[in-house]
>>> print(open('data-v5.cif').read())   # mmCIF, C-alpha atoms
data_protein
#
loop_
_atom_site.label_atom_id
_atom_site.label_comp_id
_atom_site.auth_asym_id
_atom_site.auth_seq_id
_atom_site.Cartn_x
_atom_site.Cartn_y
_atom_site.Cartn_z
CA MET A 1 -9.06 32.71 3.08
CA ASN A 2 -6.20 33.70 5.36
CA ALA A 3 -4.42 31.11 7.48
CA ASP A 4 -6.02 32.55 10.64
CA GLN A 5 -9.46 31.71 9.23
CA TYR A 6 -8.73 27.99 9.53
CA GLN A 7 -8.69 25.79 12.59
CA LEU A 8 -7.15 22.37 13.21
CA GLU A 9 -8.81 19.60 15.18
CA LEU A 10 -7.97 16.01 16.10
CA ALA A 11 -10.40 13.13 15.62
CA ASP A 12 -9.66 9.89 17.46
CA SER A 13 -12.19 8.12 15.26
CA LEU A 14 -13.50 8.62 11.73
CA SER A 15 -16.98 8.23 13.20
CA GLU A 16 -16.60 11.90 14.21
CA VAL A 17 -16.51 12.86 10.51
CA PRO A 18 -19.46 12.50 8.09
CA ALA A 19 -18.53 10.04 5.35
CA GLU A 20 -19.61 12.37 2.55
CA GLN A 21 -17.44 15.21 3.87
CA TRP A 22 -14.34 12.98 4.08
CA ASN A 23 -14.85 11.50 0.61
CA ALA A 24 -15.44 14.99 -0.81
CA LEU A 25 -11.75 15.70 -0.05
CA LEU A 26 -10.58 12.89 -2.35
CA ASP A 27 -9.70 13.01 -6.02
CA ILE A 28 -8.41 10.59 -8.66
CA SER A 29 -5.00 10.39 -6.97
CA SER A 30 -6.37 9.35 -3.60
CA THR A 31 -6.72 5.56 -4.26
CA PRO A 32 -9.54 3.43 -2.78
CA PHE A 33 -7.50 2.98 0.40
CA LEU A 34 -8.25 6.58 1.44
CA ARG A 35 -11.99 6.21 1.09
CA TYR A 36 -13.98 6.65 4.28
CA GLU A 37 -15.34 3.13 3.78
CA PHE A 38 -11.87 1.57 3.87
CA LEU A 39 -10.40 3.54 6.77
CA SER A 40 -13.54 3.42 8.92
CA SER A 41 -13.78 -0.35 8.40
CA LEU A 42 -10.27 -0.72 9.83
CA GLU A 43 -11.39 1.17 12.91
CA GLU A 44 -14.78 -0.50 13.37
CA CYS A 45 -13.26 -3.98 13.12
CA GLY A 46 -10.57 -3.15 15.64
CA CYS A 47 -7.69 -3.63 13.19
CA VAL A 48 -6.47 -0.16 14.14
CA SER A 49 -6.93 1.02 17.72
CA GLY A 50 -4.98 1.83 20.83
CA VAL A 51 -5.03 -1.89 21.63
CA THR A 52 -3.28 -2.82 18.37
CA GLY A 53 -0.82 0.07 18.61
CA TRP A 54 -2.53 2.10 15.88
CA GLN A 55 -4.44 4.84 17.71
CA PRO A 56 -6.31 7.04 15.19
CA ALA A 57 -5.56 10.74 15.57
CA HIS A 58 -6.69 12.21 12.26
CA ILE A 59 -5.92 15.90 11.72
CA LEU A 60 -8.92 17.85 10.44
CA LEU A 61 -8.76 21.31 8.88
CA LYS A 62 -11.98 23.33 9.20
CA ASP A 63 -13.19 26.84 8.63
CA THR A 64 -14.54 28.96 11.46
CA LYS A 65 -18.04 27.56 10.85
CA GLY A 66 -16.86 23.96 11.27
CA LYS A 67 -16.88 22.94 7.60
CA LEU A 68 -14.27 20.28 6.75
CA LEU A 69 -11.74 21.69 4.28
CA GLY A 70 -8.86 19.25 4.58
CA ALA A 71 -7.57 16.23 6.46
CA LEU A 72 -4.46 14.17 7.15
CA PRO A 73 -4.95 10.47 8.07
CA LEU A 74 -2.84 9.97 11.19
CA TYR A 75 -2.09 7.29 13.76
CA LEU A 76 -0.13 7.32 16.99
CA LYS A 77 2.03 4.22 16.77
CA GLN A 78 3.35 2.17 19.69
CA HIS A 79 5.56 0.07 17.38
CA SER A 80 6.71 -0.05 13.74
CA TYR A 81 4.81 -3.09 12.49
CA GLY A 82 2.73 -2.94 9.32
CA GLU A 83 4.47 0.06 7.77
CA PHE A 84 6.85 -1.31 5.08
CA VAL A 85 9.33 1.51 5.76
CA PHE A 86 11.45 0.11 8.53
CA ASP A 87 12.74 2.35 11.32
CA TRP A 88 13.43 -0.27 14.01
CA SER A 89 17.12 0.71 14.08
CA TRP A 90 16.16 4.36 14.57
CA ALA A 91 13.94 3.42 17.50
CA GLN A 92 16.69 1.34 19.07
CA ALA A 93 19.28 4.08 18.72
CA TYR A 94 16.86 6.73 19.99
CA GLU A 95 16.04 4.75 23.11
CA GLN A 96 19.70 3.87 23.71
CA SER A 97 20.33 7.60 23.91
CA GLY A 98 17.88 7.78 26.80
CA LYS A 99 14.82 9.06 24.93
CA GLN A 100 11.44 7.45 24.17
CA TYR A 101 10.76 6.74 20.50
CA TYR A 102 7.20 5.45 20.85
CA PRO A 103 4.54 6.65 20.48
CA LYS A 104 5.36 8.30 17.17
CA ALA A 105 3.07 10.02 14.66
CA LEU A 106 2.44 8.12 11.42
CA CYS A 107 0.58 9.48 8.41
CA ALA A 108 -0.10 6.42 6.29
CA ILE A 109 -2.63 3.84 5.14
CA PRO A 110 -2.34 1.03 7.69
CA PHE A 111 -0.76 -2.17 6.36
CA THR A 112 -0.88 -0.77 2.82
CA PRO A 113 2.33 0.30 1.02
CA VAL A 114 0.60 2.29 -1.72
CA GLN A 115 1.50 5.75 -2.93
CA GLY A 116 -1.31 8.29 -2.81
CA SER A 117 -2.46 11.63 -1.48
CA ARG A 118 -1.75 12.23 2.22
CA LEU A 119 -2.69 15.92 2.36
CA LEU A 120 -6.37 15.57 1.59
CA VAL A 121 -7.42 18.91 0.16
CA PRO A 122 -9.76 19.41 -2.82
CA GLU A 123 -8.73 21.56 -5.76
CA GLY A 124 -9.07 25.30 -5.22
CA GLU A 125 -7.12 28.51 -4.91
CA ASP A 126 -6.36 27.86 -1.23
CA LYS A 127 -5.14 24.29 -1.76
CA ALA A 128 -1.44 25.01 -1.11
CA THR A 129 -2.25 27.03 2.02
CA ARG A 130 -4.34 24.19 3.40
CA GLN A 131 -1.66 21.62 2.63
CA LYS A 132 0.95 23.71 4.47
CA LEU A 133 -1.37 24.02 7.46
CA LEU A 134 -1.85 20.25 7.64
CA VAL A 135 1.92 19.64 7.66
CA SER A 136 2.37 22.40 10.23
CA GLY A 137 -0.35 20.81 12.33
CA LEU A 138 1.43 17.45 12.19
CA LYS A 139 4.66 18.99 13.53
CA SER A 140 2.82 21.00 16.17
CA LEU A 141 1.08 17.84 17.39
CA CYS A 142 4.45 16.18 17.90
CA ILE A 143 6.00 19.18 19.66
CA GLN A 144 3.04 19.85 21.94
CA ASN A 145 2.72 16.19 22.94
CA GLN A 146 6.48 15.56 23.11
CA LEU A 147 6.37 12.84 20.47
CA SER A 148 9.68 11.67 19.10
CA SER A 149 8.89 11.92 15.42
CA ALA A 150 6.47 12.23 12.51
CA HIS A 151 6.52 9.96 9.45
CA THR A 152 4.52 10.24 6.23
CA LEU A 153 4.64 7.13 4.08
CA PHE A 154 4.37 7.22 0.28
CA PRO A 155 2.78 10.65 -0.34
CA LEU A 156 2.33 11.92 -3.88
CA ASP A 157 5.41 13.42 -5.49
CA ASP A 158 3.81 16.89 -5.66
CA GLU A 159 3.14 16.75 -1.90
CA LEU A 160 6.78 16.13 -0.98
CA PRO A 161 7.85 19.84 -1.15
CA PHE A 162 5.38 20.69 1.62
CA PHE A 163 7.19 18.22 3.87
CA THR A 164 10.75 19.15 2.91
CA GLN A 165 9.97 22.86 3.43
CA ALA A 166 8.83 21.93 6.94
CA GLY A 167 12.13 20.20 7.70
CA PHE A 168 11.26 16.61 6.82
CA ALA A 169 13.90 14.37 5.21
CA LEU A 170 13.02 12.05 2.34
CA ARG A 171 13.63 8.32 2.27
CA ASP A 172 13.59 6.16 -0.88
CA SER A 173 11.83 2.82 -1.20
CA VAL A 174 11.65 0.47 -4.16
CA GLN A 175 8.48 -1.24 -5.31
CA PHE A 176 7.68 -3.36 -8.35
CA HIS A 177 4.84 -2.51 -10.72
CA TRP A 178 3.51 -4.15 -13.89
CA HIS A 179 2.55 -1.88 -16.77
CA ASN A 180 0.07 -2.59 -19.55
CA LEU A 181 1.55 -1.42 -22.84
CA GLY A 182 -1.68 -1.92 -24.74
CA TYR A 183 -1.55 -5.73 -24.69
CA THR A 184 -4.53 -7.56 -26.15
CA SER A 185 -3.63 -10.95 -24.68
CA PHE A 186 -1.29 -12.63 -22.21
CA ASP A 187 0.67 -14.11 -25.13
CA GLU A 188 1.23 -10.63 -26.52
CA TYR A 189 2.52 -9.57 -23.12
CA LEU A 190 4.85 -12.58 -23.04
CA ALA A 191 6.17 -11.58 -26.45
CA SER A 192 7.42 -8.31 -24.93
CA LEU A 193 9.69 -10.21 -22.51
CA ASN A 194 13.12 -11.58 -23.21
CA MET A 195 13.41 -15.28 -24.02
CA LYS A 196 14.58 -16.33 -20.54
CA ARG A 197 11.64 -14.71 -18.75
CA ARG A 198 9.18 -15.94 -21.37
CA LYS A 199 10.31 -19.53 -20.95
CA ASN A 200 10.28 -19.26 -17.17
CA ILE A 201 6.68 -17.99 -17.02
CA ARG A 202 5.47 -20.64 -19.46
CA ARG A 203 7.18 -23.32 -17.39
CA GLU A 204 5.61 -22.06 -14.17
CA ARG A 205 2.16 -21.94 -15.70
CA SER A 206 2.51 -25.40 -17.19
CA GLN A 207 3.43 -26.82 -13.78
CA VAL A 208 0.20 -25.43 -12.34
CA ASN A 209 -1.76 -26.82 -15.30
CA LEU A 210 -0.48 -30.32 -14.49
CA HIS A 211 -2.62 -30.20 -11.35
CA GLU A 212 -5.73 -29.28 -13.36
CA ILE A 213 -6.30 -26.08 -11.41
CA GLU A 214 -9.31 -23.99 -12.39
CA PHE A 215 -9.79 -20.30 -11.60
CA LEU A 216 -12.93 -18.39 -10.76
CA HIS A 217 -12.95 -14.59 -11.05
CA LEU A 218 -15.53 -12.75 -8.96
CA ASP A 219 -16.19 -9.03 -8.94
CA GLY A 220 -16.99 -7.74 -5.47
CA GLU A 221 -20.68 -7.35 -6.29
CA CYS A 222 -20.89 -11.09 -7.08
CA THR A 223 -19.34 -12.39 -3.86
CA ASN A 224 -21.08 -13.73 -0.76
CA ASP A 225 -20.13 -14.35 2.86
CA GLN A 226 -18.93 -17.88 2.09
CA ASP A 227 -16.51 -16.55 -0.52
CA TRP A 228 -15.01 -14.18 2.04
CA LYS A 229 -14.94 -16.83 4.73
CA PHE A 230 -12.90 -19.05 2.40
CA PHE A 231 -10.66 -16.17 1.32
CA TYR A 232 -9.91 -15.29 4.91
CA LYS A 233 -9.09 -18.89 5.74
CA CYS A 234 -6.45 -18.80 2.99
CA TYR A 235 -5.17 -15.35 4.00
CA GLU A 236 -4.89 -16.37 7.66
CA ASN A 237 -3.11 -19.61 6.78
CA THR A 238 -0.33 -17.72 5.03
CA TYR A 239 0.44 -15.89 8.27
CA LEU A 240 0.19 -19.05 10.36
CA GLU A 241 2.71 -20.80 8.12
CA HIS A 242 5.13 -17.98 8.95
CA GLN A 243 4.39 -18.24 12.69
CA SER A 244 2.58 -14.93 12.64
CA ARG A 245 -0.90 -13.50 12.98
CA PRO A 246 -2.76 -11.49 10.34
CA TYR A 247 -3.25 -7.77 10.83
CA LEU A 248 -6.72 -7.81 9.31
CA SER A 249 -9.87 -9.62 10.41
CA GLU A 250 -12.48 -11.60 8.53
CA ASN A 251 -15.08 -8.96 9.40
CA PHE A 252 -12.91 -6.28 7.81
CA PHE A 253 -13.04 -7.98 4.42
CA LYS A 254 -16.77 -8.59 4.77
CA PHE A 255 -17.24 -4.90 5.57
CA LEU A 256 -15.34 -3.96 2.41
CA ALA A 257 -17.45 -6.34 0.34
CA LYS A 258 -20.59 -4.56 1.55
CA ARG A 259 -19.29 -0.98 1.50
CA MET A 260 -17.07 -0.81 -1.59
CA PRO A 261 -17.65 -3.98 -3.67
CA GLU A 262 -16.95 -2.10 -6.90
CA ASN A 263 -13.30 -1.84 -5.78
CA LEU A 264 -12.80 -5.57 -5.16
CA HIS A 265 -11.99 -8.53 -7.40
CA LEU A 266 -11.56 -12.01 -5.93
CA ILE A 267 -9.67 -14.84 -7.67
CA ILE A 268 -10.29 -18.36 -6.36
CA ALA A 269 -8.25 -21.42 -7.40
CA SER A 270 -9.88 -24.86 -7.29
CA LYS A 271 -8.59 -28.40 -7.69
CA LYS A 272 -11.08 -31.12 -8.64
CA GLY A 273 -13.93 -28.88 -7.57
CA LEU A 274 -12.40 -28.03 -4.18
CA SER A 275 -11.26 -24.44 -3.52
CA ILE A 276 -7.62 -24.37 -2.39
CA ALA A 277 -6.31 -20.80 -2.83
CA ALA A 278 -7.38 -17.20 -3.31
CA SER A 279 -6.05 -13.74 -4.03
CA LEU A 280 -7.68 -10.33 -3.82
CA LEU A 281 -7.26 -7.30 -6.04
CA VAL A 282 -8.27 -3.82 -5.00
CA LEU A 283 -9.32 -1.87 -8.08
CA ASP A 284 -9.16 1.83 -8.86
CA ARG A 285 -10.95 2.10 -12.18
CA ASN A 286 -10.70 5.90 -12.22
CA SER A 287 -6.92 5.75 -12.50
CA LEU A 288 -6.92 2.32 -14.21
CA LYS A 289 -4.89 0.68 -11.44
CA ALA A 290 -5.09 -2.65 -9.63
CA TYR A 291 -3.43 -3.46 -6.33
CA GLY A 292 -2.52 -7.03 -5.41
CA ARG A 293 -2.80 -6.92 -1.67
CA TYR A 294 -3.66 -10.29 -0.18
CA TRP A 295 -3.25 -13.95 -1.03
CA GLY A 296 -3.27 -17.37 0.63
CA ALA A 297 -3.49 -21.12 -0.01
CA LEU A 298 -4.59 -24.22 1.90
CA GLU A 299 -2.51 -26.62 -0.18
CA TYR A 300 1.00 -26.25 -1.57
CA ILE A 301 1.31 -26.58 -5.33
CA PRO A 302 4.49 -25.38 -7.06
CA ASN A 303 4.05 -21.92 -8.58
CA LEU A 304 0.39 -21.65 -7.55
CA HIS A 305 1.23 -18.38 -5.81
CA PHE A 306 2.64 -16.84 -8.98
CA GLU A 307 -0.31 -18.05 -11.04
CA THR A 308 -3.05 -16.93 -8.64
CA ALA A 309 -1.57 -13.67 -7.42
CA TYR A 310 0.30 -12.52 -10.56
CA TYR A 311 -0.54 -14.23 -13.85
CA GLN A 312 -4.30 -14.45 -13.33
CA ALA A 313 -4.22 -10.82 -12.18
CA ILE A 314 -2.24 -9.73 -15.25
CA GLU A 315 -4.71 -11.53 -17.53
CA TYR A 316 -7.53 -9.71 -15.76
CA CYS A 317 -5.79 -6.35 -16.16
CA ILE A 318 -5.29 -6.94 -19.88
CA LYS A 319 -8.93 -7.92 -20.31
CA GLU A 320 -10.22 -4.90 -18.37
CA GLY A 321 -7.78 -2.35 -19.81
CA ILE A 322 -6.15 -1.67 -16.45
CA GLN A 323 -2.84 0.12 -17.01
CA THR A 324 -0.88 -0.53 -13.80
CA PHE A 325 -0.80 -3.50 -11.45
CA GLU A 326 1.02 -2.96 -8.16
CA GLY A 327 2.00 -6.30 -6.68
CA GLY A 328 2.91 -5.04 -3.20
CA ALA A 329 6.10 -3.93 -1.49
CA GLN A 330 9.52 -5.47 -2.01
CA GLY A 331 10.24 -8.70 -3.85
CA GLU A 332 12.87 -8.83 -6.58
CA HIS A 333 11.23 -12.09 -7.69
CA LYS A 334 8.50 -9.95 -9.24
CA MET A 335 10.94 -8.77 -11.91
CA ALA A 336 11.15 -12.30 -13.28
CA ARG A 337 7.37 -12.05 -13.80
CA GLY A 338 7.51 -8.78 -15.72
CA PHE A 339 7.28 -6.22 -12.93
CA LEU A 340 9.61 -3.21 -13.09
CA PRO A 341 11.18 -1.27 -10.19
CA LYS A 342 9.80 2.10 -9.16
CA THR A 343 11.31 4.41 -6.54
CA ILE A 344 8.85 6.16 -4.24
CA GLN A 345 9.54 8.29 -1.18
CA SER A 346 8.47 8.87 2.40
CA ALA A 347 9.01 11.94 4.61
CA HIS A 348 10.45 11.82 8.15
CA TRP A 349 10.96 14.37 10.92
CA ILE A 350 12.65 13.75 14.28
CA SER A 351 12.08 16.21 17.14
CA ASP A 352 15.62 15.89 18.51
CA PRO A 353 17.88 18.10 16.29
CA GLN A 354 21.04 16.02 16.76
CA PHE A 355 19.25 12.77 16.02
CA MET A 356 17.55 14.38 13.02
CA ALA A 357 20.97 15.36 11.63
CA ALA A 358 22.19 11.80 12.08
CA VAL A 359 19.10 10.44 10.28
CA GLU A 360 19.62 12.88 7.40
CA ASN A 361 23.23 11.69 7.01
CA PHE A 362 22.05 8.09 7.07
CA LEU A 363 19.35 8.75 4.45
CA GLN A 364 21.85 10.41 2.11
CA ARG A 365 24.04 7.30 2.20
CA GLU A 366 21.05 5.00 1.90
CA GLN A 367 19.71 6.97 -1.06
CA ALA A 368 22.98 6.49 -2.94
CA GLY A 369 22.84 2.77 -2.23
CA ILE A 370 19.24 2.48 -3.42
CA ALA A 371 20.04 4.40 -6.61
CA GLN A 372 22.83 1.92 -7.30
CA TYR A 373 20.47 -0.97 -6.52
CA VAL A 374 17.88 0.33 -8.99
CA ASP A 375 20.58 0.73 -11.65
CA GLU A 376 21.61 -2.89 -11.09
CA LEU A 377 17.99 -4.01 -11.37
CA ALA A 378 17.68 -2.15 -14.68
CA GLU A 379 20.53 -4.26 -16.05
CA HIS A 380 18.37 -7.34 -15.43
CA SER A 381 15.18 -6.00 -16.97
CA PRO A 382 12.77 -8.76 -18.07
CA MET A 383 11.81 -6.77 -21.16
CA LYS A 384 13.28 -7.33 -24.61
CA SER A 385 16.25 -5.10 -25.33
CA THR A 386 15.49 -2.14 -27.55
CA THR A 387 19.12 -1.58 -28.47
CA VAL A 388 21.43 -3.43 -30.84
CA LEU A 389 24.59 -4.59 -29.08
CA PRO A 390 27.88 -4.01 -30.95
#
>>> encode(input="data-v5.cif", output="structure tokens")
Amino acid sequence: MNADQYQLELADSLSEVPAEQWNALLDISSTPFLRYEFLSSLEECGCVSGVTGWQPAHILLKDTKGKLLGALPLYLKQHSYGEFVFDWSWAQAYEQSGKQYYPKALCAIPFTPVQGSRLLVPEGEDKATRQKLLVSGLKSLCIQNQLSSAHTLFPLDDELPFFTQAGFALRDSVQFHWHNLGYTSFDEYLASLNMKRRKNIRRERSQVNLHEIEFLHLDGECTNDQDWKFFYKCYENTYLEHQSRPYLSENFFKFLAKRMPENLHLIIASKKGLSIAASLLVLDRNSLKAYGRYWGALEYIPNLHFETAYYQAIEYCIKEGIQTFEGGAQGEHKMARGFLPKTIQSAHWISDPQFMAAVENFLQREQAGIAQYVDELAEHSPMKSTTVLP
């Protein structure tokens, strides 16, 4: 098909799109967070809306008969919360120059710093054409509506050229991922670490054991409303302890449990028969990945966070043959638990040419600093050295 045989539309709600048509755009690289069930649950529960500063404005690519051929998940943002790629300083500088930074266009999974497809186009001979049209549509939306900027967070590496060719600049971020090197047990995994990290993890686990904590693992299909009510109480308490409010609602998690239970795994910690903490994994069995997204506790016990959110999750990954466990954005402390740094990128475009040039200069300097930071992290790898020192 030629480019003029396509048409672009905006949808201010996923309810305008049939679930089966949206999900038909996804492939193994899309992650569970791009499923219609996940994104529509965010909207139906009010977690994303104009009221919360996340107004859905999804770009849809259709043929002349109205068939959905591609999509770009998009939100008009009135702030920069919940993104994990921080541009507050850009917003401040932009507004100090007399221009309005918000609303801005954001292509991302709300509150979820996970790399995955952002140009949702199924395989086919016209795939590249459709991807270019989606990026072009994103820029046109900003220009026609006089928006300050467009930002695409954590797209796949092979999608980045479509953004750079359209004038977007790339920004590096560092995350920490755990990798399963064919371990058959947690002890075998520990054996792959250097002595310092091995001793530290054993010490942390032993401190939790002193409190006689027991752990219950529940696949999503085995959970009930009471399990999710308890989980949410823990999740909410974590925010309250930091004088904040959670982005997500209890109903959102209950919706997920009903709509995509096969992608959920709940870990509940109990002390003397009383549940005191919980963490949630989102599973992608097609790509053998687990995502540690949410955790919380009602009682403080030293190292309970590391045990519930990391070590129990790693044991589960080893048992289930899951190859990668992403523990969330940021956190050098994860390296001490066997997670390794990974650089991923986002794409950014500013409508004002002078400001865009300033941002590009800033990103070049920042990129050099992040590269140095990653090199320094590599010097403190938790893994055993594979070289013999002179």
>>> closest_residue(input="data-v5.cif", among="A:Ser346, A:Ser41, A:Asn286, A:Thr64", to="A:Leu256", atoms="all atoms listed in the file")
A:Ser41
>>> closest_residue(input="data-v5.cif", among="A:Val17, A:Ala91, A:Ile59, A:Met260", to="A:Leu138", atoms="all atoms listed in the file")
A:Ile59
>>> resolve_selection(input="data-v5.cif", expression="the PyMOL selection byres ((chain A and resi 156) around 7)", output="MDAnalysis selection string")
chainID A and resid 115:117 154:155 157:160
>>> write_last_selection(input="data-v5.cif", atoms="C-alpha atoms", output="PDB file, in the frame of the given file")
ATOM      1  CA  GLN A 115       1.500   5.750  -2.930  1.00  0.00           C
ATOM      2  CA  GLY A 116      -1.310   8.290  -2.810  1.00  0.00           C
ATOM      3  CA  SER A 117      -2.460  11.630  -1.480  1.00  0.00           C
ATOM      4  CA  PHE A 154       4.370   7.220   0.280  1.00  0.00           C
ATOM      5  CA  PRO A 155       2.780  10.650  -0.340  1.00  0.00           C
ATOM      6  CA  ASP A 157       5.410  13.420  -5.490  1.00  0.00           C
ATOM      7  CA  ASP A 158       3.810  16.890  -5.660  1.00  0.00           C
ATOM      8  CA  GLU A 159       3.140  16.750  -1.900  1.00  0.00           C
ATOM      9  CA  LEU A 160       6.780  16.130  -0.980  1.00  0.00           C
TER      10      LEU A 160
END
>>> residues_near_point(input="data-v5.cif", point="(19.5, 8.0, 1.7)", cutoff="12 Å", atoms="only C-alpha atoms", output="compact mmCIF listing (two decimals) with C-alpha atoms, in the frame of the given file")
# COMPACT_ATOMS: atom_id res chain seq x y z
CA ALA A 169 13.90 14.37 5.21
CA LEU A 170 13.02 12.05 2.34
CA ARG A 171 13.63 8.32 2.27
CA ASP A 172 13.59 6.16 -0.88
CA SER A 173 11.83 2.82 -1.20
CA GLN A 345 9.54 8.29 -1.18
CA SER A 346 8.47 8.87 2.40
CA ALA A 347 9.01 11.94 4.61
CA HIS A 348 10.45 11.82 8.15
CA ALA A 358 22.19 11.80 12.08
CA VAL A 359 19.10 10.44 10.28
CA GLU A 360 19.62 12.88 7.40
CA ASN A 361 23.23 11.69 7.01
CA PHE A 362 22.05 8.09 7.07
CA LEU A 363 19.35 8.75 4.45
CA GLN A 364 21.85 10.41 2.11
CA ARG A 365 24.04 7.30 2.20
CA GLU A 366 21.05 5.00 1.90
CA GLN A 367 19.71 6.97 -1.06
CA ALA A 368 22.98 6.49 -2.94
CA GLY A 369 22.84 2.77 -2.23
CA ILE A 370 19.24 2.48 -3.42
CA ALA A 371 20.04 4.40 -6.61
CA GLN A 372 22.83 1.92 -7.30
>>> closest_residue(input="data-v5.cif", among="A:Leu42, A:Ala105, A:Val114, A:Ala378", to="A:Ser140", atoms="only C-alpha atoms")
A:Ala105
>>> closest_residue(input="data-v5.cif", among="A:Pro18, A:Pro353, A:Pro302, A:Gly46", to="A:Asn251", atoms="all atoms listed in the file")
A:Gly46
>>> closest_residue(input="data-v5.cif", among="A:Phe162, A:Pro103, A:Gln21, A:Asp284", to="A:Lys127", atoms="all atoms listed in the file")
A:Phe162
>>> closest_residue(input="data-v5.cif", among="A:His58, A:Lys229, A:Arg197, A:His177", to="A:Tyr310", atoms="all atoms listed in the file")
A:His177
>>> residues_around(input="data-v5.cif", residues="A:Glu20", least_positions_apart="4", cutoff="10 Å", atoms="only C-alpha atoms", output="list in words")
Ala24, Leu25, Arg35 and Tyr36 of chain A
>>> resolve_selection(input="data-v5.cif", expression="the PyMOL selection byres ((chain A and resi 205-213) around 7)", output="CSV table (one decimal) with C-alpha atoms, in the frame of the given file")
chain,number,residue,atom,x,y,z
A,201,ILE,CA,6.7,-18.0,-17.0
A,202,ARG,CA,5.5,-20.6,-19.5
A,203,ARG,CA,7.2,-23.3,-17.4
A,204,GLU,CA,5.6,-22.1,-14.2
A,214,GLU,CA,-9.3,-24.0,-12.4
A,215,PHE,CA,-9.8,-20.3,-11.6
A,269,ALA,CA,-8.2,-21.4,-7.4
A,270,SER,CA,-9.9,-24.9,-7.3
A,271,LYS,CA,-8.6,-28.4,-7.7
A,302,PRO,CA,4.5,-25.4,-7.1
A,303,ASN,CA,4.0,-21.9,-8.6
A,304,LEU,CA,0.4,-21.6,-7.6
A,307,GLU,CA,-0.3,-18.0,-11.0
>>> residues_around(input="data-v5.cif", residues="A:Ala108", least_positions_apart="3", cutoff="8 Å", atoms="all atoms listed in the file", output="list of chain:residue names")
A:Pro73, A:Leu74, A:Tyr75, A:Glu83, A:Arg118, A:Thr152, A:Leu153, A:Phe154
>>> write_last_selection(input="data-v5.cif", atoms="C-alpha atoms", output="mmCIF file, in the coordinates of the input")
data_model
loop_
_atom_site.group_PDB
_atom_site.id
_atom_site.type_symbol
_atom_site.label_atom_id
_atom_site.label_comp_id
_atom_site.auth_asym_id
_atom_site.auth_seq_id
_atom_site.Cartn_x
_atom_site.Cartn_y
_atom_site.Cartn_z
ATOM 1 C CA PRO A 73 -4.950 10.470 8.070
ATOM 2 C CA LEU A 74 -2.840 9.970 11.190
ATOM 3 C CA TYR A 75 -2.090 7.290 13.760
ATOM 4 C CA GLU A 83 4.470 0.060 7.770
ATOM 5 C CA ARG A 118 -1.750 12.230 2.220
ATOM 6 C CA THR A 152 4.520 10.240 6.230
ATOM 7 C CA LEU A 153 4.640 7.130 4.080
ATOM 8 C CA PHE A 154 4.370 7.220 0.280
#
>>> resolve_selection(input="data-v5.cif", expression="the PyMOL selection byres ((chain A and resi 337) around 8)", output="list in words")
Arg197, Ile201, Tyr310, His333, Lys334, Met335, Ala336, Gly338, Phe339 and Pro382 of chain A
>>> write_last_selection(input="data-v5.cif", atoms="C-alpha atoms", output="PDB file, in the coordinates of the input")
ATOM      1  CA  ARG A 197      11.640 -14.710 -18.750  1.00  0.00           C
ATOM      2  CA  ILE A 201       6.680 -17.990 -17.020  1.00  0.00           C
ATOM      3  CA  TYR A 310       0.300 -12.520 -10.560  1.00  0.00           C
ATOM      4  CA  HIS A 333      11.230 -12.090  -7.690  1.00  0.00           C
ATOM      5  CA  LYS A 334       8.500  -9.950  -9.240  1.00  0.00           C
ATOM      6  CA  MET A 335      10.940  -8.770 -11.910  1.00  0.00           C
ATOM      7  CA  ALA A 336      11.150 -12.300 -13.280  1.00  0.00           C
ATOM      8  CA  GLY A 338       7.510  -8.780 -15.720  1.00  0.00           C
ATOM      9  CA  PHE A 339       7.280  -6.220 -12.930  1.00  0.00           C
ATOM     10  CA  PRO A 382      12.770  -8.760 -18.070  1.00  0.00           C
TER      11      PRO A 382
END
>>> atom_distance(input="data-v5.cif", atom1="atom CA of A:Asp352", atom2="atom CA of A:Gln100")
11.0 Å
>>> residues_near_point(input="data-v5.cif", point="(-11.5, -16.0, -8.6)", cutoff="12 Å", atoms="all atoms listed in the file", output="NGL selection string")
:A and (213-220 or 222-223 or 227-228 or 230-231 or 264-270 or 275-281 or 295 or 307-309 or 312-313 or 316)
>>> atom_distance(input="data-v5.cif", atom1="atom CA of A:Cys317", atom2="atom CA of A:Pro122")
29.3 Å
